[in-house]
>>> print(open('data_16.cif').read())   # mmCIF, C-alpha atoms
data_protein
#
loop_
_atom_site.group_PDB
_atom_site.id
_atom_site.type_symbol
_atom_site.label_atom_id
_atom_site.label_comp_id
_atom_site.auth_asym_id
_atom_site.auth_seq_id
_atom_site.Cartn_x
_atom_site.Cartn_y
_atom_site.Cartn_z
ATOM 1 C CA MET A 1 79.578 70.410 -19.394
ATOM 2 C CA ARG A 2 76.060 71.048 -20.725
ATOM 3 C CA LYS A 3 77.200 74.364 -22.182
ATOM 4 C CA ILE A 4 80.130 72.685 -23.947
ATOM 5 C CA LEU A 5 77.961 69.915 -25.398
ATOM 6 C CA PHE A 6 75.382 72.447 -26.554
ATOM 7 C CA THR A 7 78.069 74.518 -28.291
ATOM 8 C CA VAL A 8 79.419 71.446 -30.073
ATOM 9 C CA ALA A 9 75.947 70.359 -31.159
ATOM 10 C CA LEU A 10 75.078 73.853 -32.384
ATOM 11 C CA ALA A 11 78.296 74.115 -34.411
ATOM 12 C CA ALA A 12 77.606 70.758 -36.023
ATOM 13 C CA ALA A 13 74.020 71.726 -36.823
ATOM 14 C CA LEU A 14 75.013 74.958 -38.536
ATOM 15 C CA VAL A 15 77.403 73.476 -41.081
ATOM 16 C CA GLY A 16 77.326 70.994 -43.919
ATOM 17 C CA CYS A 17 79.722 68.723 -45.741
ATOM 18 C CA ASN A 18 79.677 67.327 -49.263
ATOM 19 C CA ASN A 19 81.282 64.166 -50.595
ATOM 20 C CA SER A 20 84.602 65.915 -51.314
ATOM 21 C CA GLY A 21 85.061 66.779 -47.639
ATOM 22 C CA GLN A 22 84.336 70.470 -48.196
ATOM 23 C CA VAL A 23 81.899 72.202 -45.886
ATOM 24 C CA GLY A 24 78.632 73.077 -47.590
ATOM 25 C CA SER A 25 75.000 73.815 -46.851
ATOM 26 C CA ASN A 26 73.796 70.320 -45.920
ATOM 27 C CA SER A 27 73.551 69.040 -42.357
ATOM 28 C CA VAL A 28 76.697 67.339 -41.055
ATOM 29 C CA SER A 29 77.534 65.566 -37.820
ATOM 30 C CA PHE A 30 80.279 66.552 -35.408
ATOM 31 C CA ASP A 31 82.045 63.338 -36.403
ATOM 32 C CA ASP A 32 82.183 64.621 -39.984
ATOM 33 C CA VAL A 33 83.804 67.847 -38.809
ATOM 34 C CA ILE A 34 86.449 65.803 -37.006
ATOM 35 C CA LYS A 35 87.020 63.436 -39.917
ATOM 36 C CA THR A 36 87.398 66.178 -42.544
ATOM 37 C CA ARG A 37 89.766 68.335 -40.488
ATOM 38 C CA ARG A 38 93.288 68.151 -41.838
ATOM 39 C CA SER A 39 96.622 69.882 -41.307
ATOM 40 C CA VAL A 40 96.516 71.891 -44.524
ATOM 41 C CA ARG A 41 99.721 73.020 -46.220
ATOM 42 C CA SER A 42 98.274 74.497 -49.416
ATOM 43 C CA TYR A 43 95.844 77.435 -49.364
ATOM 44 C CA ASP A 44 93.601 79.146 -51.903
ATOM 45 C CA ALA A 45 95.046 82.672 -52.135
ATOM 46 C CA THR A 46 91.893 83.996 -53.853
ATOM 47 C CA LYS A 47 89.776 83.612 -50.685
ATOM 48 C CA THR A 48 89.827 85.906 -47.673
ATOM 49 C CA ILE A 49 88.577 85.721 -44.077
ATOM 50 C CA GLY A 50 87.221 88.801 -42.300
ATOM 51 C CA GLU A 51 87.736 89.962 -38.736
ATOM 52 C CA ALA A 52 84.123 89.157 -37.832
ATOM 53 C CA GLU A 53 84.666 85.526 -38.854
ATOM 54 C CA VAL A 54 87.876 85.298 -36.825
ATOM 55 C CA ARG A 55 86.064 86.746 -33.811
ATOM 56 C CA GLU A 56 83.325 84.124 -34.163
ATOM 57 C CA LEU A 57 85.991 81.451 -34.329
ATOM 58 C CA LEU A 58 87.810 82.678 -31.222
ATOM 59 C CA LEU A 59 84.569 82.992 -29.262
ATOM 60 C CA SER A 60 84.201 79.240 -29.744
ATOM 61 C CA ALA A 61 87.789 78.692 -28.621
ATOM 62 C CA GLN A 62 86.858 80.506 -25.397
ATOM 63 C CA GLU A 63 84.303 77.789 -24.668
ATOM 64 C CA ALA A 64 87.128 75.312 -24.011
ATOM 65 C CA PRO A 65 87.487 74.198 -20.373
ATOM 66 C CA SER A 66 90.441 75.420 -18.322
ATOM 67 C CA TRP A 67 91.816 74.890 -14.809
ATOM 68 C CA ALA A 68 89.510 76.717 -12.361
ATOM 69 C CA ASN A 69 88.271 78.732 -15.358
ATOM 70 C CA GLN A 70 91.583 80.603 -15.465
ATOM 71 C CA GLN A 71 91.340 80.941 -19.268
ATOM 72 C CA PRO A 72 95.115 81.372 -19.722
ATOM 73 C CA THR A 73 95.082 81.262 -23.532
ATOM 74 C CA LYS A 74 95.721 84.451 -25.523
ATOM 75 C CA TYR A 75 95.677 85.000 -29.293
ATOM 76 C CA TYR A 76 97.490 87.491 -31.510
ATOM 77 C CA VAL A 77 95.996 87.728 -34.997
ATOM 78 C CA ALA A 78 97.874 88.809 -38.116
ATOM 79 C CA GLN A 79 95.504 89.807 -40.941
ATOM 80 C CA SER A 80 97.239 92.678 -42.718
ATOM 81 C CA ALA A 81 99.608 91.748 -45.542
ATOM 82 C CA ALA A 82 102.517 93.422 -43.736
ATOM 83 C CA MET A 83 101.984 91.516 -40.482
ATOM 84 C CA ILE A 84 101.455 88.204 -42.271
ATOM 85 C CA ASP A 85 104.704 88.697 -44.184
ATOM 86 C CA SER A 86 106.493 89.490 -40.930
ATOM 87 C CA VAL A 87 105.164 86.381 -39.181
ATOM 88 C CA LYS A 88 106.224 84.229 -42.145
ATOM 89 C CA ASN A 89 109.813 85.262 -41.464
ATOM 90 C CA TYR A 90 109.630 83.569 -38.063
ATOM 91 C CA ILE A 91 108.104 80.148 -38.801
ATOM 92 C CA GLY A 92 111.052 78.444 -40.459
ATOM 93 C CA GLY A 93 110.320 75.972 -43.226
ATOM 94 C CA ASN A 94 106.583 76.314 -42.719
ATOM 95 C CA ARG A 95 106.702 79.604 -44.633
ATOM 96 C CA ARG A 96 106.071 77.742 -47.889
ATOM 97 C CA ASN A 97 103.216 75.773 -46.287
ATOM 98 C CA VAL A 98 101.151 78.856 -45.443
ATOM 99 C CA GLU A 99 101.400 80.752 -48.731
ATOM 100 C CA GLY A 100 97.911 82.024 -49.538
ATOM 101 C CA ALA A 101 96.604 81.752 -45.975
ATOM 102 C CA PRO A 102 94.840 85.062 -45.175
ATOM 103 C CA VAL A 103 95.247 84.797 -41.390
ATOM 104 C CA LEU A 104 98.068 83.732 -39.059
ATOM 105 C CA ILE A 105 97.336 83.385 -35.338
ATOM 106 C CA VAL A 106 99.942 83.266 -32.563
ATOM 107 C CA SER A 107 98.753 81.241 -29.568
ATOM 108 C CA THR A 108 100.098 81.805 -26.034
ATOM 109 C CA PHE A 109 99.211 81.088 -22.427
ATOM 110 C CA GLU A 110 99.741 83.052 -19.224
ATOM 111 C CA ARG A 111 102.101 81.295 -16.842
ATOM 112 C CA GLY A 112 101.254 80.871 -13.173
ATOM 113 C CA LYS A 113 97.491 80.600 -13.813
ATOM 114 C CA SER A 114 96.363 77.068 -14.637
ATOM 115 C CA GLY A 115 97.795 74.522 -12.208
ATOM 116 C CA PHE A 116 98.343 77.022 -9.394
ATOM 117 C CA PHE A 117 96.620 77.860 -6.115
ATOM 118 C CA ASN A 118 97.610 81.072 -4.328
ATOM 119 C CA GLY A 119 100.672 81.340 -6.533
ATOM 120 C CA ASN A 120 101.899 77.825 -5.761
ATOM 121 C CA PRO A 121 101.825 74.849 -8.148
ATOM 122 C CA ALA A 122 99.056 72.421 -7.237
ATOM 123 C CA ASN A 123 101.068 69.388 -8.363
ATOM 124 C CA GLU A 124 104.254 68.414 -10.175
ATOM 125 C CA LEU A 125 102.971 69.589 -13.563
ATOM 126 C CA GLY A 126 102.863 73.284 -12.656
ATOM 127 C CA ASP A 127 102.701 75.401 -15.814
ATOM 128 C CA LEU A 128 102.225 72.310 -17.963
ATOM 129 C CA TRP A 129 98.562 72.753 -17.055
ATOM 130 C CA GLY A 130 98.688 76.095 -18.859
ATOM 131 C CA ALA A 131 100.030 74.337 -21.948
ATOM 132 C CA TYR A 132 97.314 71.697 -21.545
ATOM 133 C CA ASP A 133 94.566 74.334 -21.397
ATOM 134 C CA ASN A 134 96.110 76.142 -24.366
ATOM 135 C CA GLY A 135 95.964 72.899 -26.336
ATOM 136 C CA LEU A 136 92.299 72.431 -25.442
ATOM 137 C CA ALA A 137 91.472 75.943 -26.646
ATOM 138 C CA ASN A 138 93.404 75.387 -29.865
ATOM 139 C CA ALA A 139 91.549 72.103 -30.437
ATOM 140 C CA TYR A 140 88.258 74.003 -30.200
ATOM 141 C CA LEU A 141 89.703 76.603 -32.566
ATOM 142 C CA VAL A 142 90.687 74.184 -35.334
ATOM 143 C CA LEU A 143 87.422 72.230 -35.092
ATOM 144 C CA LYS A 144 85.310 75.385 -35.197
ATOM 145 C CA ALA A 145 87.403 76.551 -38.136
ATOM 146 C CA ARG A 146 86.578 73.363 -39.990
ATOM 147 C CA ALA A 147 82.892 73.712 -39.092
ATOM 148 C CA MET A 148 82.978 77.203 -40.651
ATOM 149 C CA GLY A 149 84.578 75.863 -43.834
ATOM 150 C CA PHE A 150 88.141 76.954 -43.017
ATOM 151 C CA ASP A 151 91.340 74.973 -42.712
ATOM 152 C CA THR A 152 94.307 75.220 -40.379
ATOM 153 C CA LEU A 153 97.890 74.201 -39.708
ATOM 154 C CA ILE A 154 99.311 74.240 -36.170
ATOM 155 C CA MET A 155 103.025 75.060 -36.325
ATOM 156 C CA GLY A 156 105.537 74.492 -33.561
ATOM 157 C CA MET A 157 108.478 75.750 -35.621
ATOM 158 C CA ARG A 158 108.665 79.434 -34.679
ATOM 159 C CA ASP A 159 111.043 82.074 -33.394
ATOM 160 C CA ALA A 160 109.368 82.904 -30.085
ATOM 161 C CA ASP A 161 111.622 85.874 -29.289
ATOM 162 C CA ALA A 162 110.994 87.510 -32.669
ATOM 163 C CA LEU A 163 107.226 86.951 -32.415
ATOM 164 C CA ARG A 164 107.236 88.402 -28.899
ATOM 165 C CA ARG A 165 108.861 91.590 -30.203
ATOM 166 C CA LEU A 166 106.587 91.762 -33.259
ATOM 167 C CA PHE A 167 103.319 91.537 -31.326
ATOM 168 C CA GLY A 168 104.469 93.032 -28.020
ATOM 169 C CA ILE A 169 103.670 89.811 -26.176
ATOM 170 C CA PRO A 170 104.361 90.093 -22.419
ATOM 171 C CA GLU A 171 107.145 88.041 -20.866
ATOM 172 C CA SER A 172 104.532 86.473 -18.582
ATOM 173 C CA GLU A 173 103.105 84.559 -21.553
ATOM 174 C CA THR A 174 104.573 81.437 -23.162
ATOM 175 C CA ILE A 175 104.313 81.350 -26.955
ATOM 176 C CA THR A 176 103.211 77.885 -28.021
ATOM 177 C CA ALA A 177 102.241 77.811 -31.693
ATOM 178 C CA VAL A 178 101.416 79.721 -34.831
ATOM 179 C CA ILE A 179 98.165 78.629 -36.510
ATOM 180 C CA SER A 180 97.415 79.361 -40.158
ATOM 181 C CA LEU A 181 93.794 79.918 -41.175
ATOM 182 C CA GLY A 182 92.431 79.802 -44.689
ATOM 183 C CA TYR A 183 90.767 77.662 -47.353
ATOM 184 C CA ARG A 184 92.354 74.447 -48.582
ATOM 185 C CA SER A 185 93.595 74.287 -52.142
ATOM 186 C CA GLY A 186 93.039 70.687 -53.137
ATOM 187 C CA GLU A 187 92.368 67.724 -50.900
ATOM 188 C CA PRO A 188 95.092 66.924 -48.338
ATOM 189 C CA ARG A 189 96.141 63.339 -47.680
ATOM 190 C CA GLN A 190 94.556 61.588 -44.723
ATOM 191 C CA PRO A 191 97.252 60.346 -42.321
ATOM 192 C CA GLN A 192 97.232 56.810 -40.975
ATOM 193 C CA HIS A 193 96.327 56.505 -37.303
ATOM 194 C CA LYS A 194 97.526 53.971 -34.792
ATOM 195 C CA ASN A 195 95.322 51.044 -33.933
ATOM 196 C CA LEU A 196 93.120 51.992 -30.982
ATOM 197 C CA ASP A 197 94.429 49.077 -28.931
ATOM 198 C CA ASP A 198 97.927 50.531 -29.250
ATOM 199 C CA ILE A 199 96.960 53.598 -27.255
ATOM 200 C CA VAL A 200 94.195 52.386 -24.923
ATOM 201 C CA LYS A 201 94.116 49.989 -21.983
ATOM 202 C CA PHE A 202 90.822 49.003 -20.390
ATOM 203 C CA PHE A 203 90.721 47.796 -16.774
#
>>> encode(input="data_16.cif", output="structure tokens")
Amino acid sequence: MRKILFTVALAAALVGCNNSGQVGSNSVSFDDVIKTRRSVRSYDATKTIGEAEVRELLLSAQEAPSWANQQPTKYYVAQSAAMIDSVKNYIGGNRRNVEGAPVLIVSTFERGKSGFFNGNPANELGDLWGAYDNGLANAYLVLKARAMGFDTLIMGMRDADALRRLFGIPESETITAVISLGYRSGEPRQPQHKNLDDIVKFF
């Protein structure tokens, strides 16, 4: 837990945010990173992201907790123009939402890892724990992306079979989402959230 909190604090200390919600050089709190993260559907095609930056991003995603430290999440990164174009063919209507994004990331998790002891499910959730851990890792990913000045869109519309063939993803892995990575073009609308009392009960 200390390691996780330190990582979060360090990420917040290294980035800045100006009044427009864009990351800059001034100090910004972790709350600001959370509040300025959006699901972005319009990207600046003039800006690129290098492999070293993606590696830094995914190293932070690895800091996410997982069942018995099984670390079931895997990532497949499309950066070349040819691979990005291929992935776009398999994300349905989201194709138009990721135009200009320089990186597309396919997120998966290994089945039979999280939620299992000696090959047997520990409770009724079974492999849902793998999906849970994958979601935690992806949450770290999108928040770190925002801290680095990037923007993301998590997409559930995808042709899993076609992506499996494209990237050579093993049958032992479940494909969950495709995540776009880039720089926002314009300021996305902030969605309305439910009242806290609608989702929380205190006892």
>>> resolve_selection(input="data_16.cif", expression="the PyMOL selection byres ((chain A and resi 99) around 10)", output="list in words")
Arg41, Ser42, Tyr43, Asp44, Ala45, Ile84, Asp85, Lys88, Asn94, Arg95, Arg96, Asn97, Val98, Gly100, Ala101, Pro102, Ser180 and Gly182 of chain A
>>> write_last_selection(input="data_16.cif", atoms="C-alpha atoms", output="PDB file, in the coordinates of the input")
ATOM      1  CA  ARG A  41      99.721  73.020 -46.220  1.00  0.00           C
ATOM      2  CA  SER A  42      98.274  74.497 -49.416  1.00  0.00           C
ATOM      3  CA  TYR A  43      95.844  77.435 -49.364  1.00  0.00           C
ATOM      4  CA  ASP A  44      93.601  79.146 -51.903  1.00  0.00           C
ATOM      5  CA  ALA A  45      95.046  82.672 -52.135  1.00  0.00           C
ATOM      6  CA  ILE A  84     101.455  88.204 -42.271  1.00  0.00           C
ATOM      7  CA  ASP A  85     104.704  88.697 -44.184  1.00  0.00           C
ATOM      8  CA  LYS A  88     106.224  84.229 -42.145  1.00  0.00           C
ATOM      9  CA  ASN A  94     106.583  76.314 -42.719  1.00  0.00           C
ATOM     10  CA  ARG A  95     106.702  79.604 -44.633  1.00  0.00           C
ATOM     11  CA  ARG A  96     106.071  77.742 -47.889  1.00  0.00           C
ATOM     12  CA  ASN A  97     103.216  75.773 -46.287  1.00  0.00           C
ATOM     13  CA  VAL A  98     101.151  78.856 -45.443  1.00  0.00           C
ATOM     14  CA  GLY A 100      97.911  82.024 -49.538  1.00  0.00           C
ATOM     15  CA  ALA A 101      96.604  81.752 -45.975  1.00  0.00           C
ATOM     16  CA  PRO A 102      94.840  85.062 -45.175  1.00  0.00           C
ATOM     17  CA  SER A 180      97.415  79.361 -40.158  1.00  0.00           C
ATOM     18  CA  GLY A 182      92.431  79.802 -44.689  1.00  0.00           C
TER      19      GLY A 182
END
>>> residues_around(input="data_16.cif", residues="Thr48 of chain A", least_positions_apart="6", cutoff="12 Å", atoms="all atoms listed in the file", output="PDB file with C-alpha atoms, in the frame of the given file")
ATOM      1  CA  VAL A  54      87.876  85.298 -36.825  1.00  0.00           C
ATOM      2  CA  GLN A  79      95.504  89.807 -40.941  1.00  0.00           C
ATOM      3  CA  SER A  80      97.239  92.678 -42.718  1.00  0.00           C
ATOM      4  CA  ALA A  81      99.608  91.748 -45.542  1.00  0.00           C
ATOM      5  CA  GLY A 100      97.911  82.024 -49.538  1.00  0.00           C
ATOM      6  CA  ALA A 101      96.604  81.752 -45.975  1.00  0.00           C
ATOM      7  CA  PRO A 102      94.840  85.062 -45.175  1.00  0.00           C
ATOM      8  CA  VAL A 103      95.247  84.797 -41.390  1.00  0.00           C
ATOM      9  CA  GLY A 149      84.578  75.863 -43.834  1.00  0.00           C
ATOM     10  CA  PHE A 150      88.141  76.954 -43.017  1.00  0.00           C
ATOM     11  CA  LEU A 181      93.794  79.918 -41.175  1.00  0.00           C
ATOM     12  CA  GLY A 182      92.431  79.802 -44.689  1.00  0.00           C
ATOM     13  CA  TYR A 183      90.767  77.662 -47.353  1.00  0.00           C
ATOM     14  CA  ARG A 184      92.354  74.447 -48.582  1.00  0.00           C
TER      15      ARG A 184
END
>>> resolve_selection(input="data_16.cif", expression="the PyMOL selection byres ((chain A and resi 68-78) around 8)", output="PyMOL selection string")
chain A and resi 62+65-67+79-80+83-84+87+103-111+113-114+130+133-134+137+167
>>> atom_distance(input="data_16.cif", atom1="atom CA of Ala177 of chain A", atom2="atom CA of Ile154 of chain A")
6.4 Å
>>> closest_residue(input="data_16.cif", among="A:Met148, A:Leu196, A:Ala131, A:Leu125", to="Thr176 of chain A", atoms="all atoms listed in the file")
A:Ala131
>>> atom_distance(input="data_16.cif", atom1="atom CA of Gly156 of chain A", atom2="atom CA of Leu141 of chain A")
16.0 Å
>>> resolve_selection(input="data_16.cif", expression="the PyMOL selection byres ((chain A and resi 145) around 12)", output="compact mmCIF listing (two decimals) with C-alpha atoms, keeping the file's coordinate frame")
# COMPACT_ATOMS: atom_id res chain seq x y z
CA ALA A 11 78.30 74.11 -34.41
CA ALA A 12 77.61 70.76 -36.02
CA VAL A 15 77.40 73.48 -41.08
CA VAL A 23 81.90 72.20 -45.89
CA VAL A 33 83.80 67.85 -38.81
CA ILE A 34 86.45 65.80 -37.01
CA THR A 36 87.40 66.18 -42.54
CA ARG A 37 89.77 68.33 -40.49
CA ARG A 38 93.29 68.15 -41.84
CA SER A 39 96.62 69.88 -41.31
CA ILE A 49 88.58 85.72 -44.08
CA GLU A 53 84.67 85.53 -38.85
CA VAL A 54 87.88 85.30 -36.83
CA ARG A 55 86.06 86.75 -33.81
CA GLU A 56 83.32 84.12 -34.16
CA LEU A 57 85.99 81.45 -34.33
CA LEU A 58 87.81 82.68 -31.22
CA LEU A 59 84.57 82.99 -29.26
CA SER A 60 84.20 79.24 -29.74
CA ALA A 61 87.79 78.69 -28.62
CA VAL A 103 95.25 84.80 -41.39
CA ASN A 138 93.40 75.39 -29.86
CA ALA A 139 91.55 72.10 -30.44
CA TYR A 140 88.26 74.00 -30.20
CA LEU A 141 89.70 76.60 -32.57
CA VAL A 142 90.69 74.18 -35.33
CA LEU A 143 87.42 72.23 -35.09
CA LYS A 144 85.31 75.39 -35.20
CA ARG A 146 86.58 73.36 -39.99
CA ALA A 147 82.89 73.71 -39.09
CA MET A 148 82.98 77.20 -40.65
CA GLY A 149 84.58 75.86 -43.83
CA PHE A 150 88.14 76.95 -43.02
CA ASP A 151 91.34 74.97 -42.71
CA THR A 152 94.31 75.22 -40.38
CA LEU A 153 97.89 74.20 -39.71
CA ILE A 179 98.16 78.63 -36.51
CA SER A 180 97.42 79.36 -40.16
CA LEU A 181 93.79 79.92 -41.18
CA GLY A 182 92.43 79.80 -44.69
CA TYR A 183 90.77 77.66 -47.35
CA ARG A 184 92.35 74.45 -48.58
>>> closest_residue(input="data_16.cif", among="A:Glu187, A:Phe202, A:Thr46, A:Tyr90", to="Arg164 of chain A", atoms="all atoms listed in the file")
A:Tyr90
>>> atom_distance(input="data_16.cif", atom1="atom CA of Arg189 of chain A", atom2="atom CA of Val40 of chain A")
9.1 Å
>>> residues_around(input="data_16.cif", residues="Phe116 of chain A", least_positions_apart="4", cutoff="9 Å", atoms="all atoms listed in the file", output="VMD selection string")
chain A and resid 67 112 120 to 123 126 to 127 129
>>> axis_aligned_box(input="data_16.cif", around="segment 92-108 of chain A", padding_each_side="8 Å", output="JSON")
{"center_x": 102.9, "center_y": 80.4, "center_z": -37.8, "size_x": 32.2, "size_y": 25.3, "size_z": 39.5}
>>> decode(input="data_16.cif", residues="segment 96-169 of chain A", atoms="C-alpha atoms", output="tab-separated table (two decimals), in the first residue's frame")
chain	number	residue	atom	x	y	z
A	96	ARG	CA	-14.20	7.96	-36.09
A	97	ASN	CA	-13.57	8.75	-32.40
A	98	VAL	CA	-9.89	7.79	-32.51
A	99	GLU	CA	-8.82	9.57	-35.70
A	100	GLY	CA	-5.52	11.29	-34.95
A	101	ALA	CA	-4.67	9.13	-31.93
A	102	PRO	CA	-1.04	7.99	-32.36
A	103	VAL	CA	-1.36	4.88	-30.18
A	104	LEU	CA	-4.00	2.16	-29.76
A	105	ILE	CA	-3.60	-0.36	-26.92
A	106	VAL	CA	-5.38	-3.71	-26.66
A	107	SER	CA	-5.90	-4.77	-23.04
A	108	THR	CA	-6.29	-8.43	-22.01
A	109	PHE	CA	-6.05	-10.64	-18.94
A	110	GLU	CA	-4.89	-14.22	-18.45
A	111	ARG	CA	-7.69	-16.50	-17.34
A	112	GLY	CA	-7.27	-18.89	-14.43
A	113	LYS	CA	-4.88	-16.57	-12.55
A	114	SER	CA	-6.67	-14.01	-10.39
A	115	GLY	CA	-9.40	-15.60	-8.28
A	116	PHE	CA	-7.88	-19.09	-8.34
A	117	PHE	CA	-5.95	-21.26	-5.89
A	118	ASN	CA	-4.26	-24.40	-7.22
A	119	GLY	CA	-6.27	-24.13	-10.41
A	120	ASN	CA	-9.62	-23.92	-8.62
A	121	PRO	CA	-11.81	-20.80	-8.30
A	122	ALA	CA	-11.60	-19.33	-4.81
A	123	ASN	CA	-15.22	-18.14	-4.88
A	124	GLU	CA	-18.20	-17.75	-7.19
A	125	LEU	CA	-16.59	-14.92	-9.17
A	126	GLY	CA	-13.82	-17.05	-10.68
A	127	ASP	CA	-12.31	-15.28	-13.69
A	128	LEU	CA	-14.29	-12.13	-12.94
A	129	TRP	CA	-11.39	-11.37	-10.59
A	130	GLY	CA	-9.14	-11.30	-13.66
A	131	ALA	CA	-11.46	-8.74	-15.25
A	132	TYR	CA	-11.46	-6.80	-11.97
A	133	ASP	CA	-7.65	-6.71	-11.85
A	134	ASN	CA	-7.53	-5.74	-15.53
A	135	GLY	CA	-9.84	-2.82	-14.77
A	136	LEU	CA	-7.60	-1.70	-11.91
A	137	ALA	CA	-4.55	-1.74	-14.18
A	138	ASN	CA	-6.41	0.18	-16.86
A	139	ALA	CA	-7.51	2.77	-14.28
A	140	TYR	CA	-3.85	3.32	-13.39
A	141	LEU	CA	-3.07	3.54	-17.10
A	142	VAL	CA	-5.60	6.26	-17.92
A	143	LEU	CA	-4.73	8.31	-14.82
A	144	LYS	CA	-1.00	8.11	-15.51
A	145	ALA	CA	-1.73	9.06	-19.11
A	146	ARG	CA	-3.52	12.17	-17.93
A	147	ALA	CA	-0.68	12.98	-15.52
A	148	MET	CA	1.71	12.82	-18.50
A	149	GLY	CA	-0.48	15.17	-20.53
A	150	PHE	CA	-2.14	12.48	-22.67
A	151	ASP	CA	-5.77	11.56	-23.15
A	152	THR	CA	-7.56	8.26	-23.56
A	153	LEU	CA	-10.75	6.50	-24.58
A	154	ILE	CA	-11.58	3.01	-23.29
A	155	MET	CA	-13.57	1.13	-25.94
A	156	GLY	CA	-15.61	-1.99	-25.37
A	157	MET	CA	-16.83	-2.16	-28.97
A	158	ARG	CA	-14.27	-4.45	-30.62
A	159	ASP	CA	-13.97	-7.59	-32.70
A	160	ALA	CA	-12.09	-9.81	-30.26
A	161	ASP	CA	-11.48	-12.63	-32.75
A	162	ALA	CA	-10.00	-10.29	-35.35
A	163	LEU	CA	-7.78	-8.57	-32.77
A	164	ARG	CA	-6.61	-11.96	-31.50
A	165	ARG	CA	-5.49	-12.90	-35.02
A	166	LEU	CA	-3.91	-9.49	-35.67
A	167	PHE	CA	-1.73	-9.48	-32.55
A	168	GLY	CA	-1.32	-13.23	-32.08
A	169	ILE	CA	-3.02	-13.08	-28.68
